[in-house]
Structure formats: structure tokens, C-alpha cells
Amino acid sequence: MDDLNEENAFRGTHEVDDSGEGCPHVLDCTKNPNHENFIPIDEFNIGHLPARYQDQDMLDVIRTQADLTVMVTVNSTSPRRPDFYLGVDLTSKNSSYPATRSGTGRVRGGYECVGQGHCVCVNCEHSKHPSLKWGKIRVLTATHVVFDESEAINTTCVLGFNNSSSCVTKLKVCDMSKADVKGDLARLTCVTCDMDLINSLNETVSRFYNLCNVVNKKYHRFVNLDKLIVIVSHPHRWPKHVSVGQWITRQERTDEHDRSLKWTKYTYTACTCPGSSGAPVYKLGTDRFYYFHPHSGTNSNVNFSGEGWE
């Protein structure tokens, strides 16, 4: 394991997209001008993986992760959001700060709400006959994307945005159950009366968990050798794109309540752009589904994650 004792590698610029539009060709992107290392999810295939990992199981891990990836659109800025934290300039109190910005997140799972009133999803919210059968879906992202409850209730998560002609599902966020500023990890709760969607997402969560176990057993000898990192995100508010790279450094701390648990964060080479903030960072060796590192930001040297539990 590579320990990183300096916080400086985790200081830089967050990567929310504040352009207000999702242009198909971003001509003024200075970070990745040609976006050559971003592969549209519909085009991603075995040949885009490093030679050792060119098999169907690894491809299925990435495609399943993509099935759970969402675009997170935020339509307000909290007055509680600071100008700076963790060394990053948030510029949230600037009068020109955009009212709308976007990032990325990942579905954690869903559940039915029994005997808890009626649905308040985007379809039922103004209906005279809202559904009495409904449920909630948990989404993980970065805290700098959605800072607190006031921002959360003005946030939408978009499922299924794989290409320009995708039939997408928009989920209204109803509350925020976790906002860890230091670790840059947030947990949102969305609401829906589409129980088939909840069941389908839970099946995908289970499939992702099982596939992670399969590839971990297959490649356990190479986890710390190749240091594989894969990120699925919505750069520039585009449909889902995949980038592949390596992790460079790892920093860890022991959980203050349970010393058997470790919180870690990474630096890595996998490409990111504005709009990638909060994206799931898949590291080979993941053995639990709740292991989730949100993409947090970039500096002149590397990209870096928020904290995840492993």
C-alpha cells in the first residue's frame, strides 16, 4: 500500500459542470481538449480495457456500474455553503455563481415505503391522485455537488442517460441522509412510485456486488500491481462516458468508532472533466457494494477522490 501523508495532493479544483448546457462538443475544455480518453458507454468494449483484463466479467462490472450511474443536477446554492473548504475555492457566495450545476452519482439501492402517505415524485407532486404505493432510492455523490438539505430538495437525479436519444428517468430528491464535508461524501434520497424501477435497480445492485466478487477472485494477485481504476461519469453533462487509468497514491484513516474499519481516498490517472464530480470511482479489489469513493477534484498533477469505506 502507498501511504500519502501530505494533504496537498487532495487540494485543487472541484469538477461540477456549471456551463448551464450540455454541448455535444466542448471546444473550450482546457483539461482534456480532444476527450480522447473518454469512451461513450455504448461504445465501450473489451478492447478498451488493459490487456490483462480483457474478459467479459470485467466488462460486465463496468457496464453494471454504468447502469447505476446517474447525472445529478442541482438548481440552488445554499447560503450555508462556505467559500472555501479542504483547500478548494467553492466560489459559492459569488453573485455570478450559476443557479444550476451538475455532477454525477451512483445508485446504492431502493426500498418500498409502506403506510407513509403518498408519493411526491415528479409525476405525483401536483397530481390530484398521487400514488399510495411508492418507495425511495438512495444515491451516493460528493458533498461539494450537493452541500446540504436546502440544495438536496432542489436536486434531480437522471437515470439512463446513455446516449442523446435515451429515454431517461428523472428522480426528485426528497432529502439528504448524509453530508460529510471532510470526506466529501453525500447520500441523497430520491422518491418514486415506479416499483418496477426500484426492483430493477436492486437487482442491478446485487449483480454488481456479485460481479465484483468474481473479478476480485480472478485478479486478486494483480490488485496492487496494476492498480486499475475505472470511472463512469457525465462530463460536460454528456451521456455516460468511461475512463480507465491507475491509482497512484492511497491515504487511509481508522474509523473513530470502529477501529477495524478504514476510510481511504485515492489519487489516480483516469480522466475526468467538469461534470465528473461525485462519479463512482471503481478500484479493482472492491469487495463490498457500499465501498464507494466519489470523484472529488483535480489539481495540476492528478485527479483525486473523496473518502470511501473499505
# chains A, B, ... in the order shown; residues from 1 in each chain; ligands from 1
call {"tool": "residues_around", "arguments": {"residues": "His236 in chain A", "least_positions_apart": "5", "cutoff": "7 Å", "atoms": "only C-alpha atoms", "output": "ChimeraX atom specification"}}
result
/A:17,22,273-275
call {"tool": "select_by_dssp", "arguments": {"residues": "range 32-248 of chain A", "states": "helix (DSSP H, G or I)", "output": "PyMOL selection string"}}
result
chain A and resi 46-48+51-53+56-67+149-152+195-226+235-237
call {"tool": "residues_around", "arguments": {"residues": "range 175-178 of chain A", "least_positions_apart": "3", "cutoff": "10 Å", "atoms": "only C-alpha atoms", "output": "PyMOL selection string"}}
result
chain A and resi 138-140+143+146-155+172+181+185-191
call {"tool": "write_last_selection", "arguments": {"atoms": "N, CA and C atoms", "output": "compact mmCIF listing (two decimals), in the first residue's frame"}}
result
# COMPACT_ATOMS: atom_id res chain seq x y z
N ARG A 138 -31.76 5.41 -2.82
CA ARG A 138 -30.57 6.08 -2.28
C ARG A 138 -29.54 6.31 -3.38
N VAL A 139 -28.97 7.50 -3.41
CA VAL A 139 -27.94 7.85 -4.38
C VAL A 139 -26.75 8.44 -3.64
N LEU A 140 -25.56 7.99 -3.99
CA LEU A 140 -24.32 8.50 -3.41
C LEU A 140 -23.65 9.46 -4.39
N THR A 143 -20.24 15.65 -1.53
CA THR A 143 -20.88 16.73 -0.77
C THR A 143 -20.71 18.08 -1.46
N VAL A 146 -23.74 18.42 -3.83
CA VAL A 146 -24.95 18.75 -3.07
C VAL A 146 -24.54 18.94 -1.63
N PHE A 147 -24.57 20.17 -1.18
CA PHE A 147 -23.94 20.50 0.11
C PHE A 147 -24.82 20.22 1.32
N ASP A 148 -26.10 20.54 1.24
CA ASP A 148 -26.96 20.34 2.41
C ASP A 148 -28.40 20.11 1.96
N GLU A 149 -29.31 20.06 2.94
CA GLU A 149 -30.71 19.73 2.67
C GLU A 149 -31.37 20.75 1.74
N SER A 150 -31.03 22.01 1.88
CA SER A 150 -31.66 23.04 1.06
C SER A 150 -31.30 22.87 -0.41
N GLU A 151 -30.10 22.39 -0.68
CA GLU A 151 -29.72 22.09 -2.06
C GLU A 151 -30.32 20.77 -2.52
N ALA A 152 -30.39 19.82 -1.60
CA ALA A 152 -30.88 18.48 -1.95
C ALA A 152 -32.32 18.52 -2.48
N ILE A 153 -33.18 19.29 -1.82
CA ILE A 153 -34.58 19.31 -2.23
C ILE A 153 -34.79 20.07 -3.54
N ASN A 154 -33.72 20.64 -4.06
CA ASN A 154 -33.77 21.28 -5.38
C ASN A 154 -32.85 20.55 -6.36
N THR A 155 -32.76 19.24 -6.17
CA THR A 155 -31.86 18.41 -6.97
C THR A 155 -32.63 17.31 -7.68
N LYS A 172 -36.78 12.88 -8.34
CA LYS A 172 -36.73 14.04 -7.45
C LYS A 172 -36.08 13.64 -6.13
N VAL A 181 -18.62 16.65 4.97
CA VAL A 181 -17.83 17.67 4.29
C VAL A 181 -16.37 17.25 4.19
N LEU A 185 -18.44 13.12 0.96
CA LEU A 185 -19.35 12.03 0.61
C LEU A 185 -20.76 12.39 1.05
N ALA A 186 -21.71 12.31 0.11
CA ALA A 186 -23.10 12.66 0.40
C ALA A 186 -24.01 11.51 0.00
N ARG A 187 -25.10 11.35 0.76
CA ARG A 187 -26.10 10.33 0.44
C ARG A 187 -27.46 11.02 0.31
N LEU A 188 -28.03 10.93 -0.89
CA LEU A 188 -29.32 11.54 -1.19
C LEU A 188 -30.40 10.48 -1.20
N THR A 189 -31.65 10.91 -0.98
CA THR A 189 -32.79 10.01 -1.07
C THR A 189 -33.76 10.56 -2.11
N CYS A 190 -34.02 9.75 -3.14
CA CYS A 190 -34.97 10.12 -4.20
C CYS A 190 -36.28 9.38 -3.98
N VAL A 191 -37.34 9.88 -4.58
CA VAL A 191 -38.65 9.29 -4.39
C VAL A 191 -39.24 8.90 -5.74
call {"tool": "residues_around", "arguments": {"residues": "Asp18 in chain A", "least_positions_apart": "6", "cutoff": "8 Å", "atoms": "only C-alpha atoms", "output": "list in words"}}
result
Pro98, Thr100, Arg101, Ser102 and Pro274 of chain A
call {"tool": "residues_around", "arguments": {"residues": "range 163-165 of chain A", "least_positions_apart": "4", "cutoff": "8 Å", "atoms": "only C-alpha atoms", "output": "MDAnalysis selection string"}}
result
chainID A and resid 42 239:240
call {"tool": "select_by_dssp", "arguments": {"residues": "range 138-245 of chain A", "states": "strand (DSSP E or B)", "output": "VMD selection string"}}
result
chain A and resid 138 to 141 155 to 159 169 to 180 185 to 192 228 to 233 241 to 245
call {"tool": "closest_residue", "arguments": {"among": "A:Ser260, A:Ser78, A:Asn199, A:Thr204", "to": "Ile62 in chain A", "atoms": "only C-alpha atoms"}}
result
A:Thr204
call {"tool": "closest_residue", "arguments": {"among": "A:Thr77, A:Ser243, A:Thr254, A:Thr264", "to": "Pro50 in chain A", "atoms": "only C-alpha atoms"}}
result
A:Ser243
call {"tool": "closest_residue", "arguments": {"among": "A:His126, A:His234, A:Arg221, A:Lys170", "to": "Ser277 in chain A", "atoms": "only C-alpha atoms"}}
result
A:His234
call {"tool": "residues_around", "arguments": {"residues": "Asn37 in chain A", "least_positions_apart": "2", "cutoff": "12 Å", "atoms": "only C-alpha atoms", "output": "JSON, numbers by chain"}}
result
{"A": [31, 32, 33, 34, 35, 39, 40, 44, 48, 49, 230, 231, 232, 235, 241, 242, 243, 244, 245, 269, 270, 271, 272, 273]}
